[in-house]
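A.B. asks: Got a structure for you, my_file32.txt, holding compact mmCIF, N, CA and C atoms.
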# COMPACT_ATOMS: atom_id res chain seq x y z
N MET A 25 22.89 147.55 -85.61
CA MET A 25 23.93 146.55 -85.57
C MET A 25 23.54 145.40 -86.52
N THR A 26 24.52 144.92 -87.23
CA THR A 26 24.25 143.85 -88.18
C THR A 26 25.06 142.61 -87.80
N ILE A 27 24.70 141.51 -88.41
CA ILE A 27 25.38 140.25 -88.16
C ILE A 27 26.35 139.99 -89.31
N ASP A 28 27.58 139.66 -88.95
CA ASP A 28 28.62 139.38 -89.95
C ASP A 28 28.83 137.87 -90.01
N PRO A 29 28.35 137.20 -91.05
CA PRO A 29 28.50 135.74 -91.13
C PRO A 29 29.95 135.29 -91.28
N ARG A 30 30.86 136.22 -91.63
CA ARG A 30 32.27 135.87 -91.78
C ARG A 30 33.05 136.06 -90.48
N SER A 31 32.40 136.58 -89.47
CA SER A 31 33.07 136.82 -88.19
C SER A 31 33.44 135.51 -87.50
N HIS A 32 34.44 135.58 -86.64
CA HIS A 32 34.81 134.42 -85.84
C HIS A 32 33.78 134.17 -84.72
N THR A 33 32.98 135.18 -84.42
CA THR A 33 31.92 135.05 -83.41
C THR A 33 30.72 134.39 -84.07
N PRO A 34 30.22 133.28 -83.50
CA PRO A 34 29.05 132.61 -84.10
C PRO A 34 27.87 133.57 -84.26
N VAL A 35 27.08 133.35 -85.31
CA VAL A 35 25.97 134.26 -85.59
C VAL A 35 24.95 134.27 -84.46
N TYR A 36 24.75 133.15 -83.76
CA TYR A 36 23.77 133.16 -82.66
C TYR A 36 24.25 134.03 -81.52
N VAL A 37 25.56 134.09 -81.30
CA VAL A 37 26.12 134.96 -80.25
C VAL A 37 25.97 136.42 -80.67
N GLN A 38 26.22 136.69 -81.95
CA GLN A 38 26.03 138.06 -82.44
C GLN A 38 24.58 138.51 -82.28
N LEU A 39 23.63 137.62 -82.60
CA LEU A 39 22.22 137.96 -82.45
C LEU A 39 21.87 138.16 -80.97
N ALA A 40 22.38 137.30 -80.11
CA ALA A 40 22.13 137.46 -78.67
C ALA A 40 22.70 138.80 -78.19
N ASP A 41 23.86 139.19 -78.70
CA ASP A 41 24.45 140.49 -78.33
C ASP A 41 23.54 141.64 -78.74
N ILE A 42 22.97 141.56 -79.95
CA ILE A 42 22.06 142.61 -80.43
C ILE A 42 20.83 142.69 -79.54
N LEU A 43 20.22 141.54 -79.24
CA LEU A 43 19.02 141.52 -78.40
C LEU A 43 19.33 141.99 -76.99
N ARG A 44 20.48 141.57 -76.44
CA ARG A 44 20.88 141.99 -75.10
C ARG A 44 21.03 143.51 -75.03
N GLU A 45 21.66 144.09 -76.06
CA GLU A 45 21.81 145.55 -76.11
C GLU A 45 20.46 146.24 -76.15
N GLN A 46 19.52 145.69 -76.92
CA GLN A 46 18.18 146.27 -77.00
C GLN A 46 17.47 146.19 -75.64
N ILE A 47 17.68 145.10 -74.92
CA ILE A 47 17.07 144.95 -73.59
C ILE A 47 17.70 145.94 -72.63
N GLU A 48 19.02 146.01 -72.62
CA GLU A 48 19.72 146.89 -71.68
C GLU A 48 19.44 148.37 -71.98
N ALA A 49 19.21 148.72 -73.25
CA ALA A 49 18.91 150.10 -73.63
C ALA A 49 17.45 150.46 -73.40
N GLY A 50 16.62 149.46 -73.07
CA GLY A 50 15.21 149.72 -72.85
C GLY A 50 14.37 149.69 -74.12
N GLU A 51 15.00 149.38 -75.26
CA GLU A 51 14.24 149.26 -76.51
C GLU A 51 13.28 148.08 -76.44
N LEU A 52 13.69 147.04 -75.75
CA LEU A 52 12.81 145.90 -75.44
C LEU A 52 12.59 145.95 -73.93
N ALA A 53 11.44 146.44 -73.53
CA ALA A 53 11.14 146.68 -72.11
C ALA A 53 10.75 145.38 -71.41
N PRO A 54 10.92 145.34 -70.08
CA PRO A 54 10.47 144.17 -69.32
C PRO A 54 9.01 143.85 -69.62
N GLY A 55 8.74 142.58 -69.90
CA GLY A 55 7.39 142.13 -70.21
C GLY A 55 7.06 142.15 -71.69
N SER A 56 7.88 142.83 -72.49
CA SER A 56 7.59 142.90 -73.92
C SER A 56 8.05 141.63 -74.62
N ALA A 57 7.36 141.32 -75.70
CA ALA A 57 7.68 140.11 -76.48
C ALA A 57 8.88 140.38 -77.37
N LEU A 58 9.73 139.36 -77.50
CA LEU A 58 10.79 139.42 -78.50
C LEU A 58 10.15 139.22 -79.86
N PRO A 59 10.80 139.70 -80.91
CA PRO A 59 10.26 139.43 -82.25
C PRO A 59 10.16 137.91 -82.47
N SER A 60 9.26 137.51 -83.35
CA SER A 60 9.08 136.08 -83.63
C SER A 60 10.35 135.51 -84.28
N GLU A 61 10.46 134.18 -84.22
CA GLU A 61 11.59 133.52 -84.88
C GLU A 61 11.62 133.88 -86.36
N ALA A 62 10.46 133.82 -87.00
CA ALA A 62 10.38 134.10 -88.43
C ALA A 62 10.85 135.52 -88.74
N ARG A 63 10.44 136.47 -87.93
CA ARG A 63 10.84 137.86 -88.16
C ARG A 63 12.35 138.03 -87.98
N MET A 64 12.91 137.39 -86.94
CA MET A 64 14.35 137.54 -86.71
C MET A 64 15.17 136.86 -87.80
N THR A 65 14.69 135.70 -88.29
CA THR A 65 15.44 135.04 -89.37
C THR A 65 15.46 135.94 -90.60
N GLN A 66 14.35 136.59 -90.88
CA GLN A 66 14.26 137.47 -92.04
C GLN A 66 15.05 138.77 -91.81
N GLU A 67 14.86 139.38 -90.65
CA GLU A 67 15.48 140.68 -90.37
C GLU A 67 17.01 140.60 -90.27
N TYR A 68 17.51 139.51 -89.68
CA TYR A 68 18.96 139.41 -89.46
C TYR A 68 19.65 138.45 -90.42
N GLY A 69 18.90 137.78 -91.26
CA GLY A 69 19.49 136.89 -92.25
C GLY A 69 20.19 135.69 -91.66
N VAL A 70 19.61 135.14 -90.60
CA VAL A 70 20.18 133.95 -89.94
C VAL A 70 19.15 132.84 -89.97
N GLY A 71 19.60 131.62 -89.71
CA GLY A 71 18.69 130.49 -89.68
C GLY A 71 17.89 130.42 -88.40
N ARG A 72 16.84 129.65 -88.45
CA ARG A 72 15.95 129.47 -87.29
C ARG A 72 16.71 128.91 -86.08
N GLU A 73 17.64 127.97 -86.34
CA GLU A 73 18.41 127.39 -85.24
C GLU A 73 19.27 128.43 -84.54
N ALA A 74 19.83 129.36 -85.30
CA ALA A 74 20.64 130.44 -84.71
C ALA A 74 19.76 131.33 -83.81
N VAL A 75 18.53 131.60 -84.26
CA VAL A 75 17.60 132.39 -83.45
C VAL A 75 17.30 131.64 -82.15
N ARG A 76 17.00 130.36 -82.24
CA ARG A 76 16.68 129.57 -81.04
C ARG A 76 17.87 129.52 -80.08
N MET A 77 19.07 129.36 -80.64
CA MET A 77 20.25 129.31 -79.78
C MET A 77 20.51 130.66 -79.10
N SER A 78 20.26 131.76 -79.80
CA SER A 78 20.46 133.07 -79.20
C SER A 78 19.47 133.30 -78.05
N ILE A 79 18.22 132.89 -78.26
CA ILE A 79 17.21 133.04 -77.20
C ILE A 79 17.56 132.13 -76.01
N SER A 80 18.04 130.94 -76.30
CA SER A 80 18.47 130.03 -75.23
C SER A 80 19.60 130.65 -74.41
N LEU A 81 20.53 131.30 -75.09
CA LEU A 81 21.63 131.96 -74.40
C LEU A 81 21.11 133.07 -73.49
N LEU A 82 20.18 133.88 -73.99
CA LEU A 82 19.61 134.95 -73.18
C LEU A 82 18.79 134.40 -72.01
N ARG A 83 18.13 133.26 -72.23
CA ARG A 83 17.39 132.61 -71.14
C ARG A 83 18.35 132.16 -70.04
N SER A 84 19.49 131.59 -70.46
CA SER A 84 20.46 131.11 -69.47
C SER A 84 21.07 132.26 -68.67
N GLU A 85 21.03 133.46 -69.23
CA GLU A 85 21.52 134.65 -68.53
C GLU A 85 20.43 135.29 -67.67
N GLY A 86 19.23 134.76 -67.74
CA GLY A 86 18.13 135.30 -66.94
C GLY A 86 17.50 136.55 -67.52
N LEU A 87 17.75 136.84 -68.79
CA LEU A 87 17.21 138.06 -69.40
C LEU A 87 15.84 137.86 -70.03
N VAL A 88 15.54 136.65 -70.50
CA VAL A 88 14.24 136.39 -71.12
C VAL A 88 13.66 135.09 -70.59
N ASN A 89 12.36 134.94 -70.74
CA ASN A 89 11.74 133.65 -70.48
C ASN A 89 10.85 133.31 -71.67
N THR A 90 10.63 132.03 -71.84
CA THR A 90 9.86 131.57 -72.98
C THR A 90 8.63 130.82 -72.48
N VAL A 91 7.50 131.13 -73.08
CA VAL A 91 6.24 130.46 -72.76
C VAL A 91 5.89 129.64 -74.00
N ARG A 92 5.88 128.34 -73.82
CA ARG A 92 5.63 127.44 -74.95
C ARG A 92 4.34 127.83 -75.67
N GLY A 93 4.44 128.00 -76.97
CA GLY A 93 3.28 128.35 -77.78
C GLY A 93 2.96 129.84 -77.80
N HIS A 94 3.67 130.64 -77.01
CA HIS A 94 3.38 132.08 -76.94
C HIS A 94 4.58 132.95 -77.26
N GLY A 95 5.79 132.40 -77.27
CA GLY A 95 6.97 133.19 -77.60
C GLY A 95 7.84 133.48 -76.40
N SER A 96 8.81 134.35 -76.64
CA SER A 96 9.77 134.73 -75.60
C SER A 96 9.56 136.18 -75.21
N TYR A 97 9.76 136.46 -73.94
CA TYR A 97 9.50 137.78 -73.38
C TYR A 97 10.69 138.25 -72.57
N VAL A 98 10.88 139.57 -72.53
CA VAL A 98 11.91 140.15 -71.67
C VAL A 98 11.45 139.94 -70.24
N ARG A 99 12.34 139.40 -69.45
CA ARG A 99 12.00 139.05 -68.07
C ARG A 99 11.77 140.29 -67.22
N GLU A 100 10.70 140.26 -66.45
CA GLU A 100 10.41 141.33 -65.48
C GLU A 100 11.43 141.23 -64.34
N LEU A 101 11.90 142.37 -63.87
CA LEU A 101 12.82 142.35 -62.74
C LEU A 101 12.01 142.24 -61.45
N PRO A 102 12.31 141.22 -60.64
CA PRO A 102 11.53 141.04 -59.41
C PRO A 102 11.88 142.09 -58.35
N GLN A 103 10.96 142.28 -57.42
CA GLN A 103 11.22 143.14 -56.27
C GLN A 103 12.30 142.48 -55.43
N ARG A 104 13.25 143.25 -54.98
CA ARG A 104 14.31 142.70 -54.12
C ARG A 104 14.00 143.05 -52.66
N ARG A 105 14.27 142.09 -51.81
CA ARG A 105 14.13 142.36 -50.38
C ARG A 105 15.51 142.28 -49.75
N GLN A 106 15.72 143.10 -48.74
CA GLN A 106 17.02 143.11 -48.07
C GLN A 106 17.09 141.98 -47.07
N VAL A 107 18.21 141.27 -47.12
CA VAL A 107 18.47 140.17 -46.20
C VAL A 107 19.83 140.43 -45.57
N GLU A 108 19.85 140.46 -44.26
CA GLU A 108 21.10 140.72 -43.56
C GLU A 108 21.84 139.42 -43.32
N VAL A 109 23.10 139.38 -43.72
CA VAL A 109 23.92 138.21 -43.46
C VAL A 109 24.28 138.27 -41.98
N PRO A 110 23.95 137.24 -41.23
CA PRO A 110 24.18 137.29 -39.79
C PRO A 110 25.67 137.28 -39.45
N PRO A 111 26.04 137.87 -38.31
CA PRO A 111 27.45 137.82 -37.89
C PRO A 111 27.92 136.36 -37.84
N GLY A 112 29.07 136.11 -38.42
CA GLY A 112 29.60 134.75 -38.47
C GLY A 112 28.98 133.91 -39.56
N GLY A 113 28.10 134.50 -40.36
CA GLY A 113 27.42 133.77 -41.42
C GLY A 113 28.21 133.83 -42.72
N SER A 114 27.74 133.09 -43.69
CA SER A 114 28.37 133.08 -45.01
C SER A 114 27.30 132.92 -46.08
N VAL A 115 27.69 133.21 -47.32
CA VAL A 115 26.77 133.11 -48.45
C VAL A 115 27.49 132.39 -49.59
N ILE A 116 26.80 131.44 -50.19
CA ILE A 116 27.31 130.74 -51.36
C ILE A 116 26.30 130.92 -52.48
N ALA A 117 26.78 131.34 -53.63
CA ALA A 117 25.92 131.45 -54.82
C ALA A 117 26.15 130.21 -55.67
N ARG A 118 25.06 129.64 -56.16
CA ARG A 118 25.16 128.46 -57.02
C ARG A 118 23.91 128.37 -57.88
N MET A 119 23.98 127.52 -58.89
CA MET A 119 22.81 127.28 -59.72
C MET A 119 21.90 126.29 -58.99
N PRO A 120 20.59 126.46 -59.11
CA PRO A 120 19.66 125.57 -58.40
C PRO A 120 19.58 124.20 -59.03
N SER A 121 19.18 123.24 -58.21
CA SER A 121 18.87 121.91 -58.74
C SER A 121 17.54 122.01 -59.50
N GLY A 122 17.22 121.01 -60.27
CA GLY A 122 15.95 120.99 -60.99
C GLY A 122 14.77 121.09 -60.03
N ARG A 123 14.86 120.39 -58.91
CA ARG A 123 13.79 120.43 -57.91
C ARG A 123 13.64 121.83 -57.33
N GLU A 124 14.77 122.45 -56.97
CA GLU A 124 14.71 123.81 -56.42
C GLU A 124 14.10 124.78 -57.44
N ARG A 125 14.47 124.62 -58.70
CA ARG A 125 13.93 125.50 -59.74
C ARG A 125 12.41 125.37 -59.82
N ARG A 126 11.91 124.13 -59.73
CA ARG A 126 10.45 123.91 -59.80
C ARG A 126 9.76 124.45 -58.55
N VAL A 127 10.27 124.10 -57.37
CA VAL A 127 9.63 124.49 -56.11
C VAL A 127 9.64 126.02 -55.94
N MET A 128 10.77 126.64 -56.28
CA MET A 128 10.89 128.09 -56.11
C MET A 128 10.39 128.86 -57.33
N GLN A 129 9.98 128.12 -58.38
CA GLN A 129 9.48 128.71 -59.63
C GLN A 129 10.48 129.71 -60.20
N LEU A 130 11.73 129.23 -60.35
CA LEU A 130 12.80 130.08 -60.85
C LEU A 130 12.89 130.01 -62.36
N ASP A 131 13.13 131.14 -62.99
CA ASP A 131 13.41 131.15 -64.41
C ASP A 131 14.79 130.57 -64.64
N GLU A 132 15.00 130.04 -65.83
CA GLU A 132 16.31 129.51 -66.20
C GLU A 132 17.35 130.62 -66.09
N GLY A 133 18.53 130.28 -65.59
CA GLY A 133 19.62 131.24 -65.48
C GLY A 133 19.66 131.99 -64.17
N VAL A 134 18.68 131.79 -63.29
CA VAL A 134 18.65 132.50 -62.02
C VAL A 134 19.35 131.64 -60.96
N PRO A 135 20.39 132.17 -60.33
CA PRO A 135 21.08 131.41 -59.29
C PRO A 135 20.32 131.47 -57.97
N VAL A 136 20.73 130.61 -57.04
CA VAL A 136 20.22 130.68 -55.68
C VAL A 136 21.37 131.07 -54.76
N LEU A 137 21.01 131.60 -53.60
CA LEU A 137 21.98 131.94 -52.57
C LEU A 137 21.71 131.08 -51.36
N GLU A 138 22.75 130.40 -50.88
CA GLU A 138 22.66 129.66 -49.62
C GLU A 138 23.20 130.58 -48.54
N ILE A 139 22.32 130.99 -47.64
CA ILE A 139 22.74 131.87 -46.55
C ILE A 139 22.83 131.03 -45.29
N ARG A 140 24.05 130.93 -44.78
CA ARG A 140 24.33 130.07 -43.62
C ARG A 140 24.60 130.96 -42.41
N ASP A 141 23.93 130.67 -41.29
CA ASP A 141 24.19 131.44 -40.07
C ASP A 141 25.32 130.77 -39.27
N ALA A 142 25.69 131.37 -38.17
CA ALA A 142 26.82 130.89 -37.37
C ALA A 142 26.58 129.49 -36.82
N LYS A 143 25.31 129.08 -36.64
CA LYS A 143 25.00 127.74 -36.13
C LYS A 143 25.03 126.70 -37.24
N GLY A 144 25.13 127.14 -38.51
CA GLY A 144 25.16 126.20 -39.62
C GLY A 144 23.83 126.00 -40.30
N ASP A 145 22.78 126.68 -39.81
CA ASP A 145 21.48 126.59 -40.47
C ASP A 145 21.55 127.30 -41.82
N ILE A 146 20.90 126.72 -42.83
CA ILE A 146 20.96 127.24 -44.20
C ILE A 146 19.58 127.63 -44.68
N GLU A 147 19.50 128.80 -45.30
CA GLU A 147 18.28 129.23 -45.98
C GLU A 147 18.65 129.45 -47.44
N VAL A 148 17.87 128.90 -48.36
CA VAL A 148 18.13 129.03 -49.79
C VAL A 148 17.13 130.02 -50.37
N MET A 149 17.66 131.04 -51.10
CA MET A 149 16.82 132.09 -51.65
C MET A 149 17.16 132.32 -53.12
N ALA A 150 16.18 132.80 -53.87
CA ALA A 150 16.41 133.15 -55.27
C ALA A 150 17.37 134.33 -55.34
N GLY A 151 18.42 134.20 -56.11
CA GLY A 151 19.45 135.22 -56.17
C GLY A 151 18.99 136.54 -56.75
N ASP A 152 17.93 136.54 -57.55
CA ASP A 152 17.47 137.78 -58.16
C ASP A 152 16.42 138.49 -57.31
N GLU A 153 16.10 137.93 -56.15
CA GLU A 153 15.09 138.55 -55.29
C GLU A 153 15.67 139.08 -54.00
N VAL A 154 17.00 139.02 -53.87
CA VAL A 154 17.64 139.34 -52.60
C VAL A 154 18.72 140.39 -52.78
N GLU A 155 18.77 141.32 -51.86
CA GLU A 155 19.89 142.25 -51.74
C GLU A 155 20.53 141.95 -50.40
N LEU A 156 21.75 141.48 -50.43
CA LEU A 156 22.44 141.12 -49.20
C LEU A 156 23.02 142.36 -48.53
N THR A 157 22.83 142.42 -47.23
CA THR A 157 23.42 143.51 -46.45
C THR A 157 24.20 142.88 -45.29
N ARG A 158 25.02 143.66 -44.68
CA ARG A 158 25.72 143.16 -43.50
C ARG A 158 25.44 144.10 -42.35
N PRO A 159 25.52 143.58 -41.13
CA PRO A 159 25.21 144.44 -39.99
C PRO A 159 26.24 145.58 -39.88
N PRO A 160 25.79 146.72 -39.39
CA PRO A 160 26.74 147.82 -39.21
C PRO A 160 27.83 147.44 -38.22
N ASP A 161 29.01 147.99 -38.44
CA ASP A 161 30.15 147.68 -37.53
C ASP A 161 29.99 148.28 -36.18
So that I can check it, write out the structure of this file as structure tokens.
C.D. replies:
Amino acid sequence: MTIDPRSHTPVYVQLADILREQIEAGELAPGSALPSEARMTQEYGVGREAVRMSISLLRSEGLVNTVRGHGSYVRELPQRRQVEVPPGGSVIARMPSGRERRVMQLDEGVPVLEIRDAKGDIEVMAGDEVELTRPPD
């Protein structure tokens, strides 16, 4: 896939689409490093800012994380645990506050789930670590 600078789609979005496809196809496996900024600017013929914006977009989607001074990596998929939504309970998905992100050590782009029981008690969990189930009828 190549980048078309004449397209109505911004070049950083086109680059993010290429990288996303490589991640989803397994060409860039979980834990593997993305190519360097310099390599991507050369390989795709885009500016450094476009590369940074594409990686930022993928980070916001929860697909990659960046370690300052070490580069960007395909995010490992966490183990999911099953959580049963209690009878009369509800679930709200939302983006975490800055404090929640720090305390829960969440990567950028990962939502949280507020699981509320019938009494109104709330438990907040990382959205990528939970598989919600409901009690059998």
A.B. asks: For Ala40 of chain A, please output as a PyMOL selection string all residues within 8 Å (counting only N, CA and C atoms; exclusion window: fewer than 5 positions along the same chain).
C.D. replies: chain A and resi 34-35+45-46+74-75+77-79+81-82
A.B. asks: To one decimal place in Å, what is the distance between atom CA of Gln106 of chain A and atom CA of Leu130 of chain A?
C.D. replies: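 So the answer is 18.7 Å.
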A.B. asks: Which of segment 25-155 of chain A end up as strand (DSSP E) when DSSP is run on this backbone - answer as a ChimeraX atom specification?
C.D. replies: /A:88-91,95-98,105-108,114-118,136-140,146-150,154-155
A.B. asks: Have a look at A:Ile27, A:Val88, A:Met64, A:Leu156 and name the one nearest to Asp131 of chain A; count only N, CA and C atoms.
C.D. replies: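 Answer, going by the shortest atom-to-atom distance: A:Val88.
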A.B. asks: Which residue out of A:Gly71, A:Gly86, A:Gly95, A:Gly113 has the minimum interatomic distance to Ala57 of chain A when all atoms listed in the file are used?
C.D. replies: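 Using all atoms listed in the file, the shortest distance to Ala57 of chain A belongs to A:Gly95.
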A.B. asks: So, with only N, CA and C atoms as the atoms that count, which of A:Arg105, A:Arg30, A:Arg44, A:Arg83 lies closest to Gly133 of chain A?
C.D. replies: A:Arg83
A.B. asks: DSSP on the backbone, helix (DSSP H, G or I) only: what residues of segment 42-96 of chain A does that give? Format it as a list in words.
C.D. replies: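 Taking segment 42-96 of chain A and keeping helix (DSSP H, G or I) gives Ile42, Leu43, Arg44, Glu45, Gln46, Ile47, Glu48, Glu61, Ala62, Arg63, Met64, Thr65, Gln66, Glu67, Tyr68, Arg72, Glu73, Ala74, Val75, Arg76, Met77, Ser78, Ile79, Ser80, Leu81, Leu82, Arg83 and Ser84 of chain A.
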A.B. asks: So the first atom is atom CA of Leu87 of chain A and the second is atom N of Ser114 of chain A; what is the distance between them in Å, to one decimal place?
C.D. replies: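 Atom CA of Leu87 of chain A sits 28.2 Å away from atom N of Ser114 of chain A.
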A.B. asks: Go through A:Thr157, A:Ser31, A:Leu39, A:Gly55 and flag the residue nearest Arg99 of chain A, using only N, CA and C atoms for the distances.
C.D. replies: A:Gly55
A.B. asks: Taking 3 positions as the minimum chain separation for residues in the same chain, which residues sit within 6 Å of Ala150 of chain A when counting all atoms listed in the file? Answer as JSON, numbers by chain.
C.D. replies: {"A": [135, 136, 137, 153, 154]}
A.B. asks: Take segment 111-120 of chain A, model all heavy atoms, and hand the result over as an mmCIF file, keeping the file's coordinate frame.
C.D. replies:
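After the write, result33.cif holds the following:
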data_model
loop_
_atom_site.group_PDB
_atom_site.id
_atom_site.type_symbol
_atom_site.label_atom_id
_atom_site.label_comp_id
_atom_site.auth_asym_id
_atom_site.auth_seq_id
_atom_site.Cartn_x
_atom_site.Cartn_y
_atom_site.Cartn_z
ATOM 1 N N PRO A 111 26.040 137.870 -38.310
ATOM 2 C CA PRO A 111 27.450 137.820 -37.890
ATOM 3 C C PRO A 111 27.920 136.360 -37.840
ATOM 4 O O PRO A 111 27.214 135.483 -37.363
ATOM 5 C CB PRO A 111 27.433 138.434 -36.492
ATOM 6 C CG PRO A 111 26.185 139.276 -36.465
ATOM 7 C CD PRO A 111 25.203 138.563 -37.347
ATOM 8 N N GLY A 112 29.070 136.110 -38.420
ATOM 9 C CA GLY A 112 29.600 134.750 -38.470
ATOM 10 C C GLY A 112 28.980 133.910 -39.560
ATOM 11 O O GLY A 112 29.303 132.733 -39.707
ATOM 12 N N GLY A 113 28.100 134.500 -40.360
ATOM 13 C CA GLY A 113 27.420 133.770 -41.420
ATOM 14 C C GLY A 113 28.210 133.830 -42.720
ATOM 15 O O GLY A 113 29.214 134.532 -42.836
ATOM 16 N N SER A 114 27.740 133.090 -43.690
ATOM 17 C CA SER A 114 28.370 133.080 -45.010
ATOM 18 C C SER A 114 27.300 132.920 -46.080
ATOM 19 O O SER A 114 26.172 132.521 -45.790
ATOM 20 C CB SER A 114 29.399 131.955 -45.111
ATOM 21 O OG SER A 114 28.755 130.698 -45.014
ATOM 22 N N VAL A 115 27.690 133.210 -47.320
ATOM 23 C CA VAL A 115 26.770 133.110 -48.450
ATOM 24 C C VAL A 115 27.490 132.390 -49.590
ATOM 25 O O VAL A 115 28.645 132.683 -49.884
ATOM 26 C CB VAL A 115 26.315 134.492 -48.942
ATOM 27 C CG1 VAL A 115 25.394 134.365 -50.138
ATOM 28 C CG2 VAL A 115 25.647 135.264 -47.828
ATOM 29 N N ILE A 116 26.800 131.440 -50.190
ATOM 30 C CA ILE A 116 27.310 130.740 -51.360
ATOM 31 C C ILE A 116 26.300 130.920 -52.480
ATOM 32 O O ILE A 116 25.108 130.681 -52.283
ATOM 33 C CB ILE A 116 27.501 129.230 -51.071
ATOM 34 C CG1 ILE A 116 28.552 129.013 -49.995
ATOM 35 C CG2 ILE A 116 27.860 128.488 -52.351
ATOM 36 C CD1 ILE A 116 28.651 127.574 -49.526
ATOM 37 N N ALA A 117 26.780 131.340 -53.630
ATOM 38 C CA ALA A 117 25.920 131.450 -54.820
ATOM 39 C C ALA A 117 26.150 130.210 -55.670
ATOM 40 O O ALA A 117 27.288 129.774 -55.852
ATOM 41 C CB ALA A 117 26.271 132.706 -55.602
ATOM 42 N N ARG A 118 25.060 129.640 -56.160
ATOM 43 C CA ARG A 118 25.160 128.460 -57.020
ATOM 44 C C ARG A 118 23.910 128.370 -57.880
ATOM 45 O O ARG A 118 22.926 129.062 -57.648
ATOM 46 C CB ARG A 118 25.322 127.183 -56.189
ATOM 47 C CG ARG A 118 24.120 126.887 -55.298
ATOM 48 C CD ARG A 118 24.250 125.550 -54.590
ATOM 49 N NE ARG A 118 23.208 125.322 -53.634
ATOM 50 C CZ ARG A 118 21.961 124.948 -53.917
ATOM 51 N NH1 ARG A 118 21.603 124.748 -55.174
ATOM 52 N NH2 ARG A 118 21.059 124.759 -52.974
ATOM 53 N N MET A 119 23.980 127.520 -58.890
ATOM 54 C CA MET A 119 22.810 127.280 -59.720
ATOM 55 C C MET A 119 21.900 126.290 -58.990
ATOM 56 O O MET A 119 22.392 125.394 -58.297
ATOM 57 C CB MET A 119 23.218 126.743 -61.091
ATOM 58 C CG MET A 119 24.027 127.751 -61.906
ATOM 59 S SD MET A 119 23.297 129.403 -62.004
ATOM 60 C CE MET A 119 21.865 129.086 -63.017
ATOM 61 N N PRO A 120 20.590 126.460 -59.110
ATOM 62 C CA PRO A 120 19.660 125.570 -58.400
ATOM 63 C C PRO A 120 19.580 124.200 -59.030
ATOM 64 O O PRO A 120 19.855 124.016 -60.209
ATOM 65 C CB PRO A 120 18.328 126.302 -58.528
ATOM 66 C CG PRO A 120 18.456 127.061 -59.796
ATOM 67 C CD PRO A 120 19.905 127.475 -59.890
#
